[in-house]
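One file, input-v7.cif, is given below (mmCIF, C-alpha atoms).
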```cif
data_input
#
loop_
_atom_site.label_atom_id
_atom_site.label_comp_id
_atom_site.auth_asym_id
_atom_site.auth_seq_id
_atom_site.Cartn_x
_atom_site.Cartn_y
_atom_site.Cartn_z
CA MET A 1 115.17 54.77 16.53
CA PHE A 2 113.91 58.07 15.18
CA ALA A 3 110.98 56.33 13.44
CA ILE A 4 109.88 54.67 16.69
CA LEU A 5 110.05 57.99 18.58
CA LEU A 6 108.03 59.68 15.84
CA ALA A 7 105.37 56.95 15.95
CA VAL A 8 105.10 57.22 19.76
CA LEU A 9 104.75 61.00 19.54
CA ARG A 10 101.98 60.62 16.95
CA TYR A 11 100.05 58.26 19.23
CA VAL A 12 100.51 60.54 22.24
CA PHE A 13 99.26 63.47 20.18
CA LEU A 14 96.22 61.46 19.05
CA ILE A 15 95.43 60.48 22.63
CA PHE A 16 95.57 64.14 23.75
CA LEU A 17 93.44 65.15 20.76
CA PHE A 18 90.77 62.58 21.64
CA LEU A 19 90.83 63.63 25.31
CA PHE A 20 90.40 67.26 24.29
CA ILE A 21 87.47 66.46 21.99
CA PHE A 22 85.87 64.26 24.66
CA GLY A 23 86.18 67.06 27.25
CA LEU A 24 84.74 69.59 24.83
CA VAL A 25 81.73 67.39 24.02
CA ARG A 26 81.15 66.71 27.73
CA TRP A 27 81.29 70.44 28.48
CA MET A 28 78.77 71.17 25.68
CA ILE A 29 76.37 68.48 26.90
CA ASN A 30 76.52 69.79 30.48
CA ASP A 31 75.92 73.33 29.24
CA LEU A 32 72.88 72.20 27.23
CA ARG A 33 71.49 70.34 30.24
CA SER A 34 71.87 73.40 32.46
CA GLU A 35 70.13 75.55 29.82
CA ALA A 36 67.20 73.15 29.82
CA ARG A 37 66.92 73.30 33.63
CA SER A 38 67.12 77.06 33.90
CA SER A 39 64.23 79.39 33.28
CA VAL A 40 63.58 83.10 33.02
CA LEU A 41 62.25 84.78 36.17
CA THR A 42 58.52 85.23 36.03
CA PRO A 43 56.20 87.30 38.16
CA GLU A 44 55.54 84.11 40.18
CA GLN A 45 58.91 83.94 41.91
CA PRO A 46 60.05 82.07 45.02
CA HIS A 47 58.83 83.45 48.36
CA ASP A 48 62.23 84.67 49.62
CA LYS A 49 62.84 86.54 46.35
CA LYS A 50 59.45 88.26 46.72
CA ARG A 51 60.35 89.33 50.27
CA ALA A 52 63.55 90.96 49.01
CA GLU A 53 61.57 92.73 46.28
CA GLU A 54 59.08 94.06 48.80
CA LYS A 55 61.92 95.42 50.94
CA TYR A 56 63.71 97.21 48.10
CA GLY A 57 60.84 97.79 45.67
CA GLY A 58 62.73 98.05 42.36
CA ARG A 59 61.42 96.53 39.12
CA MET A 60 62.59 96.24 35.54
CA ILE A 61 59.76 96.53 33.01
CA VAL A 62 60.25 95.46 29.40
CA THR A 63 59.31 98.33 27.05
CA GLU A 64 60.76 97.06 23.74
CA SER A 65 61.78 93.57 22.72
CA PRO A 66 62.12 91.55 19.52
CA LEU A 67 61.90 88.32 21.55
CA PRO A 68 58.60 86.47 22.01
CA GLU A 69 59.41 85.47 25.61
CA LEU A 70 60.04 89.07 26.69
CA ILE A 71 56.98 90.97 25.56
CA PRO A 72 56.51 94.64 26.50
CA GLY A 73 54.87 94.99 29.90
CA VAL A 74 56.57 91.99 31.52
CA SER A 75 58.27 93.08 34.72
CA PHE A 76 60.91 91.57 36.97
CA GLY A 77 61.48 92.36 40.64
CA ILE A 78 65.10 93.20 41.40
CA GLY A 79 65.55 92.51 45.10
CA ARG A 80 69.19 92.97 46.17
CA GLU A 81 70.72 92.13 42.79
CA MET A 82 69.70 91.13 39.29
CA VAL A 83 72.04 89.85 36.58
CA ILE A 84 70.90 90.29 32.98
CA GLY A 85 72.47 88.21 30.23
CA ARG A 86 72.28 85.38 27.76
CA GLY A 87 73.62 82.71 30.14
CA SER A 88 71.44 80.35 32.11
CA VAL A 89 72.82 81.66 35.41
CA SER A 90 71.39 85.13 34.72
CA ASP A 91 68.27 86.28 36.57
CA VAL A 92 66.80 87.70 33.36
CA VAL A 93 67.78 85.65 30.31
CA ILE A 94 67.88 87.46 26.97
CA LYS A 95 68.41 85.01 24.14
CA ASP A 96 69.81 87.21 21.39
CA SER A 97 73.18 87.48 19.71
CA PHE A 98 73.81 91.04 20.97
CA THR A 99 73.69 90.04 24.64
CA SER A 100 76.71 88.68 26.52
CA THR A 101 76.48 85.70 28.87
CA ARG A 102 76.70 88.03 31.89
CA HIS A 103 75.90 91.38 30.34
CA ALA A 104 74.85 93.76 33.13
CA ARG A 105 73.70 93.83 36.71
CA VAL A 106 71.43 95.99 38.80
CA PHE A 107 72.24 96.02 42.51
CA VAL A 108 71.46 97.85 45.73
CA LYS A 109 74.21 99.84 47.44
CA ASP A 110 73.62 102.35 50.24
CA GLY A 111 69.85 102.27 49.63
CA GLN A 112 70.16 103.15 45.94
CA TYR A 113 69.92 101.02 42.81
CA TRP A 114 73.02 100.95 40.62
CA LEU A 115 73.49 99.70 37.06
CA GLU A 116 76.81 98.17 36.02
CA ASP A 117 78.01 96.79 32.70
CA LEU A 118 79.84 93.49 33.28
CA GLY A 119 82.33 93.86 30.44
CA SER A 120 79.82 93.08 27.71
CA THR A 121 80.85 93.11 24.06
CA ASN A 122 78.07 95.39 22.81
CA GLY A 123 77.70 97.56 25.89
CA THR A 124 74.85 98.52 28.20
CA TYR A 125 72.98 101.76 27.58
CA LEU A 126 71.29 104.00 30.13
CA ASN A 127 68.95 106.56 28.55
CA GLY A 128 70.80 106.14 25.25
CA VAL A 129 74.30 106.63 26.69
CA GLN A 130 76.75 103.72 26.88
CA LEU A 131 77.91 102.93 30.42
CA LYS A 132 81.59 103.20 31.26
CA LYS A 133 81.24 102.72 35.03
CA PRO A 134 78.45 101.87 37.52
CA VAL A 135 75.79 104.57 37.80
CA VAL A 136 72.86 105.27 40.13
CA LEU A 137 69.44 104.57 38.63
CA ALA A 138 66.52 106.99 38.85
CA ASP A 139 62.85 106.10 38.56
CA GLY A 140 61.89 105.90 34.88
CA ASP A 141 65.40 105.36 33.47
CA GLY A 142 65.61 103.44 30.20
CA ILE A 143 68.09 100.56 30.09
CA LYS A 144 69.05 98.80 26.86
CA VAL A 145 70.69 95.37 26.98
CA GLY A 146 71.16 93.74 23.59
CA GLY A 147 67.93 94.23 21.67
CA VAL A 148 65.74 94.57 24.77
CA THR A 149 64.87 97.88 26.44
CA PHE A 150 63.73 98.04 30.07
CA GLN A 151 62.33 100.85 32.16
CA PHE A 152 63.49 101.02 35.77
CA ALA A 153 60.71 101.57 38.29
CA ARG A 154 62.01 102.38 41.77
CA TRP A 155 58.78 101.87 43.68
CA GLY A 156 57.47 98.94 41.61
CA ALA A 157 54.88 101.10 39.85
#
```
Can you give me the file's structure in the form of structure tokens?
Amino acid sequence: MFAILLAVLRYVFLIFLFLFIFGLVRWMINDLRSEARSSVLTPEQPHDKKRAEEKYGGRMIVTESPLPELIPGVSFGIGREMVIGRGSVSDVVIKDSFTSTRHARVFVKDGQYWLEDLGSTNGTYLNGVQLKKPVVLADGDGIKVGGVTFQFARWGA
């Protein structure tokens, strides 16, 4: 009787193991497909995003980057909110190992731009100081996320 119970438990374990592996592979394939569909924001953005940028006027300008897709001088309009990270759902995608999936966000609150670290592993730096809590951004502030450094421009200059 014990041998039969042991054999049944082995088969049940194998079934759960195969289901787990199947789910994991399916999750990885879906993640790869979503990565292929997503793209980094470019200066040619959708019309409604441009309207929000015109209203608020903030921009993030790349000043230093080891990545070929984010060369110095490239700028991104912020609008109401911008998420920076490695994940495909981020508004600005930074593909390096020092950037978390959702690393940091810049958002508008009470007419001011704020920078917030979203619990990243390697931290977000404002003018060389690691963020501990959300802070108000000033025109010309330097923001470092992973290996990429941005300059905040309040009026889009």
Please determine an axis-aligned box that encloses all atoms of region 120-128 of chain A listed in the file, with 8 Å added on each side, and express its centre and edge lengths in Å to one decimal as JSON.
```
{"center_x": 74.9, "center_y": 99.8, "center_z": 26.5, "size_x": 27.9, "size_y": 29.5, "size_z": 23.3}
```
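Straight-line separation from CA of Val148 (chain A) to CA of Glu64 (chain A): 5.7 Å.
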query = Between A:Gly147, A:Phe22, A:Phe13, A:Arg154, which has the minimum distance to Gly79 (chain A) (counting only C-alpha atoms)?
reply = A:Arg154
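Considering the residues A:Arg33, A:Arg26, A:Lys144, A:Arg80 and counting only C-alpha atoms, Ile94 (chain A) has its shortest atom-to-atom contact with A:Lys144.
Counting all atoms listed in the file, region 116-124 of chain A has the following residues at most 8 Å away, ignoring those fewer than 5 positions along the same chain: Phe98, Thr99, Ser100, Arg102, His103, Ala104, Arg105, Val106, Gln130, Leu131, Lys132, Lys133, Pro134, Val135, Ile143, Lys144, Val145 and Gly146 of chain A.
Comparing the minimum interatomic distances between Gly73 (chain A) and each of A:Lys95, A:Arg10, A:Arg59, A:Arg86, counting only C-alpha atoms, we find that A:Arg59 sits nearest.
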inquiry  = Assuming the chain letters and numbering stay as they are in my file, what does the PyMOL selection byres ((chain A and resi 62) around 12) actually select? List them as a ChimeraX atom specification.
reply    = /A:59-61,63-77,92,94,140-145,147-153
Could you write out that same residue set with C-alpha atoms as a JSON list (two decimals), in the frame of the given file?
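Heads up, here's the output in selection-v5.json:
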```
[["chain", "number", "residue", "atom", "x", "y", "z"],
["A", 59, "ARG", "CA", 61.42, 96.53, 39.12],
["A", 60, "MET", "CA", 62.59, 96.24, 35.54],
["A", 61, "ILE", "CA", 59.76, 96.53, 33.01],
["A", 63, "THR", "CA", 59.31, 98.33, 27.05],
["A", 64, "GLU", "CA", 60.76, 97.06, 23.74],
["A", 65, "SER", "CA", 61.78, 93.57, 22.72],
["A", 66, "PRO", "CA", 62.12, 91.55, 19.52],
["A", 67, "LEU", "CA", 61.90, 88.32, 21.55],
["A", 68, "PRO", "CA", 58.60, 86.47, 22.01],
["A", 69, "GLU", "CA", 59.41, 85.47, 25.61],
["A", 70, "LEU", "CA", 60.04, 89.07, 26.69],
["A", 71, "ILE", "CA", 56.98, 90.97, 25.56],
["A", 72, "PRO", "CA", 56.51, 94.64, 26.50],
["A", 73, "GLY", "CA", 54.87, 94.99, 29.90],
["A", 74, "VAL", "CA", 56.57, 91.99, 31.52],
["A", 75, "SER", "CA", 58.27, 93.08, 34.72],
["A", 76, "PHE", "CA", 60.91, 91.57, 36.97],
["A", 77, "GLY", "CA", 61.48, 92.36, 40.64],
["A", 92, "VAL", "CA", 66.80, 87.70, 33.36],
["A", 94, "ILE", "CA", 67.88, 87.46, 26.97],
["A", 140, "GLY", "CA", 61.89, 105.90, 34.88],
["A", 141, "ASP", "CA", 65.40, 105.36, 33.47],
["A", 142, "GLY", "CA", 65.61, 103.44, 30.20],
["A", 143, "ILE", "CA", 68.09, 100.56, 30.09],
["A", 144, "LYS", "CA", 69.05, 98.80, 26.86],
["A", 145, "VAL", "CA", 70.69, 95.37, 26.98],
["A", 147, "GLY", "CA", 67.93, 94.23, 21.67],
["A", 148, "VAL", "CA", 65.74, 94.57, 24.77],
["A", 149, "THR", "CA", 64.87, 97.88, 26.44],
["A", 150, "PHE", "CA", 63.73, 98.04, 30.07],
["A", 151, "GLN", "CA", 62.33, 100.85, 32.16],
["A", 152, "PHE", "CA", 63.49, 101.02, 35.77],
["A", 153, "ALA", "CA", 60.71, 101.57, 38.29]]
```
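Atom pair CA of Gly58 (chain A) / CA of Ser97 (chain A) has a distance of 27.1 Å (rounded to one decimal).
Here CA of Trp27 (chain A) stands at a distance of 14.4 Å from CA of Ser88 (chain A).
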